[in-house]
file entry_1.txt (compact mmCIF, C-alpha atoms)
# COMPACT_ATOMS: atom_id res chain seq x y z
CA MET A 1 -89.99 102.46 -47.80
CA LYS A 2 -93.78 102.43 -48.03
CA PHE A 3 -95.45 105.57 -49.37
CA THR A 4 -98.94 106.97 -48.83
CA PHE A 5 -99.93 110.08 -50.75
CA THR A 6 -102.78 112.46 -49.92
CA GLU A 7 -103.91 115.51 -51.88
CA LYS A 8 -105.90 118.47 -50.60
CA LYS A 9 -107.44 121.01 -52.98
CA MET A 10 -105.20 119.88 -55.85
CA ASP A 11 -104.26 116.96 -58.08
CA SER A 12 -100.63 115.86 -58.15
CA SER A 13 -98.95 114.56 -61.28
CA GLU A 14 -97.15 111.24 -61.56
CA ASP A 15 -93.92 113.20 -62.10
CA LEU A 16 -94.37 114.97 -58.75
CA ARG A 17 -95.05 111.69 -56.96
CA ALA A 18 -92.02 110.05 -58.58
CA TYR A 19 -89.89 113.05 -57.59
CA ALA A 20 -91.11 112.85 -53.98
CA ILE A 21 -90.47 109.09 -53.86
CA ARG A 22 -86.94 109.55 -55.23
CA LYS A 23 -86.08 112.33 -52.74
CA ILE A 24 -87.69 110.77 -49.64
CA SER A 25 -86.26 107.30 -50.40
CA LYS A 26 -82.79 108.71 -49.79
CA LEU A 27 -83.74 109.01 -46.10
CA ASP A 28 -84.25 105.23 -45.91
CA ARG A 29 -80.52 104.78 -45.27
CA PHE A 30 -81.00 106.17 -41.74
CA PHE A 31 -83.33 103.35 -40.69
CA LYS A 32 -82.53 99.69 -40.11
CA ASN A 33 -86.14 98.58 -40.59
CA GLU A 34 -88.51 99.60 -43.34
CA ALA A 35 -90.04 103.02 -42.71
CA GLU A 36 -93.38 104.44 -43.78
CA ALA A 37 -93.74 107.81 -45.49
CA PHE A 38 -96.97 109.81 -45.46
CA VAL A 39 -96.88 112.68 -47.96
CA THR A 40 -99.61 115.31 -48.26
CA PHE A 41 -99.69 117.81 -51.12
CA SER A 42 -101.98 120.82 -50.71
CA LEU A 43 -102.67 124.19 -52.25
CA GLU A 44 -103.09 127.13 -49.82
CA ARG A 45 -103.74 130.64 -51.13
CA GLY A 46 -101.80 130.03 -54.32
CA ARG A 47 -98.83 128.44 -52.55
CA PHE A 48 -97.86 124.78 -52.40
CA ARG A 49 -97.49 122.86 -49.13
CA ALA A 50 -95.72 119.52 -48.82
CA GLU A 51 -96.18 117.74 -45.49
CA ILE A 52 -93.91 114.74 -44.99
CA THR A 53 -94.20 112.36 -42.04
CA LEU A 54 -91.87 109.38 -41.60
CA ASN A 55 -92.59 106.53 -39.18
CA SER A 56 -89.86 104.09 -38.24
CA ASN A 57 -90.81 101.70 -35.41
CA GLY A 58 -92.99 104.26 -33.66
CA THR A 59 -90.54 107.17 -33.99
CA TYR A 60 -92.05 109.93 -36.10
CA TYR A 61 -90.31 112.70 -38.03
CA ARG A 62 -92.43 115.43 -39.57
CA ALA A 63 -91.88 118.51 -41.71
CA SER A 64 -94.24 120.88 -43.47
CA GLU A 65 -92.98 123.35 -46.06
CA LEU A 66 -94.88 126.07 -47.93
CA THR A 67 -93.32 127.58 -51.09
CA SER A 68 -94.35 128.83 -54.53
CA ASP A 69 -93.19 125.55 -56.15
CA MET A 70 -94.22 122.05 -55.01
CA TYR A 71 -90.86 120.55 -55.98
CA ALA A 72 -89.09 123.12 -53.79
CA SER A 73 -91.50 122.30 -50.94
CA VAL A 74 -90.58 118.61 -51.22
CA ASP A 75 -86.86 119.46 -51.24
CA SER A 76 -87.18 121.70 -48.17
CA GLY A 77 -89.25 119.10 -46.32
CA VAL A 78 -86.73 116.33 -46.99
CA ALA A 79 -83.87 118.58 -45.86
CA ALA A 80 -85.73 119.48 -42.65
CA ILE A 81 -86.42 115.81 -41.83
CA GLU A 82 -82.81 114.87 -42.53
CA ARG A 83 -81.68 117.54 -40.04
CA GLN A 84 -84.14 116.20 -37.45
CA ILE A 85 -82.95 112.63 -37.97
CA ARG A 86 -79.26 113.52 -37.69
CA ARG A 87 -79.78 115.71 -34.61
CA ASN A 88 -82.10 113.40 -32.72
CA LYS A 89 -80.76 109.99 -33.73
CA THR A 90 -77.37 110.79 -32.22
CA ARG A 91 -78.97 112.26 -29.11
CA LEU A 92 -81.26 109.26 -28.63
CA GLU A 93 -78.53 106.70 -29.26
CA LYS A 94 -75.92 108.24 -26.99
CA ARG A 95 -77.85 110.05 -24.27
CA LEU A 96 -80.89 107.98 -23.54
CA ARG A 97 -80.22 104.34 -24.29
CA GLU A 98 -78.65 102.14 -26.93
CA GLY A 99 -80.83 100.71 -29.68
CA VAL A 100 -83.80 103.00 -29.12
CA LEU A 101 -84.44 103.47 -32.83
CA GLU A 102 -84.35 99.76 -33.67
CA LYS A 103 -86.70 98.55 -30.94
CA GLU A 104 -89.95 97.05 -32.19
CA THR A 105 -93.18 98.30 -30.69
CA VAL A 106 -95.15 95.49 -29.11
CA ALA A 107 -97.72 97.24 -26.96
CA SER A 108 -100.99 98.28 -28.53
CA PHE A 109 -103.68 100.63 -27.35
CA ALA A 110 -107.37 100.22 -28.07
CA PRO A 111 -109.70 102.90 -26.74
CA ALA A 112 -112.74 101.81 -24.74
CA GLU A 113 -116.18 101.87 -26.33
CA GLU A 114 -117.68 105.34 -26.15
CA GLU A 115 -121.34 105.99 -25.31
CA PRO A 116 -123.02 108.12 -27.97
CA ALA A 117 -123.73 111.60 -26.66
CA ASP A 118 -124.93 114.60 -28.61
CA GLU A 119 -122.95 117.20 -26.67
CA PHE A 120 -119.65 115.24 -26.76
CA LYS A 121 -119.21 114.50 -30.44
CA ILE A 122 -115.98 112.69 -31.30
CA VAL A 123 -114.76 114.01 -34.64
CA ARG A 124 -111.56 111.98 -34.91
CA ASN A 125 -110.47 108.62 -33.56
CA LYS A 126 -106.83 107.50 -33.58
CA ARG A 127 -105.24 104.15 -32.80
CA PHE A 128 -101.54 103.83 -32.15
CA SER A 129 -98.95 101.71 -30.42
CA ILE A 130 -97.70 102.98 -27.10
CA LYS A 131 -93.98 102.34 -26.86
CA PRO A 132 -92.00 102.05 -23.61
CA MET A 133 -89.59 104.98 -23.22
CA SER A 134 -88.24 107.44 -20.72
CA ALA A 135 -89.87 110.83 -20.11
CA GLU A 136 -86.95 112.58 -21.85
CA GLU A 137 -87.37 110.40 -24.93
CA ALA A 138 -91.13 111.13 -24.94
CA ILE A 139 -90.42 114.88 -24.83
CA LEU A 140 -88.07 114.54 -27.80
CA GLN A 141 -90.72 112.58 -29.71
CA MET A 142 -93.41 115.16 -28.84
CA ASN A 143 -91.17 117.97 -30.09
CA LEU A 144 -90.40 116.07 -33.31
CA LEU A 145 -94.12 115.78 -33.98
CA ASP A 146 -94.73 119.38 -32.89
CA HIS A 147 -97.58 118.26 -30.61
CA GLU A 148 -98.76 119.72 -27.32
CA PHE A 149 -98.77 116.34 -25.52
CA PHE A 150 -97.53 112.77 -25.99
CA VAL A 151 -98.78 109.47 -24.52
CA PHE A 152 -96.22 106.75 -23.74
CA ARG A 153 -95.36 103.86 -21.42
CA ASN A 154 -92.99 105.21 -18.77
CA MET A 155 -90.19 102.64 -18.49
CA ASP A 156 -88.97 104.42 -15.34
CA ALA A 157 -92.34 103.70 -13.63
CA ASP A 158 -92.90 100.01 -14.45
CA ASP A 159 -94.32 100.77 -17.92
CA ALA A 160 -97.23 102.79 -16.51
CA ILE A 161 -99.19 104.84 -19.04
CA ALA A 162 -97.99 108.44 -18.87
CA VAL A 163 -98.45 111.76 -20.66
CA VAL A 164 -95.90 114.55 -21.15
CA TYR A 165 -97.16 117.99 -22.14
CA LYS A 166 -95.94 121.52 -22.80
CA ARG A 167 -96.83 123.97 -20.05
CA ARG A 168 -98.05 127.47 -20.92
CA GLN A 169 -95.59 128.93 -18.40
CA GLY A 170 -92.74 127.07 -20.11
CA GLY A 171 -91.19 123.71 -19.43
CA TYR A 172 -92.92 120.34 -19.50
CA GLY A 173 -95.35 118.43 -17.33
CA LEU A 174 -95.66 114.70 -16.66
CA ILE A 175 -98.89 112.90 -15.80
CA CYS A 176 -98.36 109.34 -14.61
CA ASP A 177 -100.43 106.64 -12.91
CA ASP A 178 -99.46 106.35 -9.24
CA GLY A 179 -100.04 102.58 -9.24
CA LEU A 180 -102.50 102.64 -6.34
CA GLU A 181 -105.65 100.59 -6.84
CA GLU A 182 -109.01 102.14 -5.91
CA ASP A 183 -111.26 100.00 -3.67

call {"tool": "encode", "arguments": {"input": "entry_1.txt", "output": "C-alpha cells"}}
result
Amino acid sequence: MKFTFTEKKMDSSEDLRAYAIRKISKLDRFFKNEAEAFVTFSLERGRFRAEITLNSNGTYYRASELTSDMYASVDSGVAAIERQIRRNKTRLEKRLREGVLEKETVASFAPAEEEPADEFKIVRNKRFSIKPMSAEEAILQMNLLDHEFFVFRNMDADDAIAVVYKRRQGGYGLICDDGLEED
C-alpha cells in the first residue's frame, strides 16, 4: 500500500505515522491490487482529526474521525473504513456485477482549457479517471465519498458521461447525455 501523509495545523511524530501505517496496512488484505492511502492529521479546537481515504482502482473509501487522542482517531477511522469495505464489497460483488472491484480504470478525463476571467475564479482543479459503471454503483461510490454528486461513464447508456446527485427533496437524480448531435 502506498501512503501519503498531510498535516494541518500540527506536526505528526514518526511514531504516529508508523502507527497509522501499521493499522491501515491491515486493510490491504481486502484489495487484490495495490491500494493508495491518503492520511491527513489535523488539530481542530484542541481535538485531533484523522482523515483516511483509500483508493483501489478508482473505488474510494473515506472516513474522518475527531477525538481527544490522535491514535484513537486513527483506530476509529480504520474501523469505519473496514465496515464500509465489508458492507459495500459484498453488495457490489453480488448485486451489481462480478469483478467490479478488480477492474482497472482505463478512461481518463482532462478538462478543457479555461479562459481567464476575473469574476469566475477557479480555486481548485481536479483530474481523475472516469470509470464505466452503472448508476447504482455510482450512487454507492458517491455515498462512500460523502459527496453531493459523482461523475461516471454510464455503462447502461453506451459509456456516456453521466452525473448522479442527491436531491434536496430526497432521492437521487441522474444527468446523462442523450446522444443526439447538435447541427

call {"tool": "closest_residue", "arguments": {"input": "entry_1.txt", "among": "A:Ile21, A:Ala63, A:Met10, A:Leu27", "to": "Arg47 (chain A)", "atoms": "all atoms listed in the file"}}
result
A:Met10

call {"tool": "atom_distance", "arguments": {"input": "entry_1.txt", "atom1": "CA of Arg49 (chain A)", "atom2": "CA of Arg127 (chain A)"}}
result
26.0 Å

call {"tool": "atom_distance", "arguments": {"input": "entry_1.txt", "atom1": "CA of Ile130 (chain A)", "atom2": "CA of Ala162 (chain A)"}}
result
9.9 Å

call {"tool": "residues_around", "arguments": {"input": "entry_1.txt", "residues": "region 82-87 of chain A", "least_positions_apart": "3", "cutoff": "12 Å", "atoms": "only C-alpha atoms", "output": "compact mmCIF listing (two decimals) with C-alpha atoms, in the frame of the given file"}}
result
# COMPACT_ATOMS: atom_id res chain seq x y z
CA LYS A 23 -86.08 112.33 -52.74
CA ILE A 24 -87.69 110.77 -49.64
CA SER A 25 -86.26 107.30 -50.40
CA LYS A 26 -82.79 108.71 -49.79
CA LEU A 27 -83.74 109.01 -46.10
CA ASP A 28 -84.25 105.23 -45.91
CA ARG A 29 -80.52 104.78 -45.27
CA PHE A 30 -81.00 106.17 -41.74
CA PHE A 31 -83.33 103.35 -40.69
CA ILE A 52 -93.91 114.74 -44.99
CA THR A 53 -94.20 112.36 -42.04
CA LEU A 54 -91.87 109.38 -41.60
CA ASN A 55 -92.59 106.53 -39.18
CA SER A 56 -89.86 104.09 -38.24
CA THR A 59 -90.54 107.17 -33.99
CA TYR A 60 -92.05 109.93 -36.10
CA TYR A 61 -90.31 112.70 -38.03
CA ARG A 62 -92.43 115.43 -39.57
CA ALA A 63 -91.88 118.51 -41.71
CA ASP A 75 -86.86 119.46 -51.24
CA SER A 76 -87.18 121.70 -48.17
CA GLY A 77 -89.25 119.10 -46.32
CA VAL A 78 -86.73 116.33 -46.99
CA ALA A 79 -83.87 118.58 -45.86
CA THR A 90 -77.37 110.79 -32.22
CA ARG A 91 -78.97 112.26 -29.11
CA LEU A 92 -81.26 109.26 -28.63
CA GLU A 93 -78.53 106.70 -29.26
CA LYS A 94 -75.92 108.24 -26.99
CA ARG A 95 -77.85 110.05 -24.27
CA LEU A 101 -84.44 103.47 -32.83
CA LEU A 140 -88.07 114.54 -27.80
CA GLN A 141 -90.72 112.58 -29.71
CA ASN A 143 -91.17 117.97 -30.09
CA LEU A 144 -90.40 116.07 -33.31
CA LEU A 145 -94.12 115.78 -33.98
CA ASP A 146 -94.73 119.38 -32.89

call {"tool": "atom_distance", "arguments": {"input": "entry_1.txt", "atom1": "CA of Thr40 (chain A)", "atom2": "CA of Leu66 (chain A)"}}
result
11.8 Å
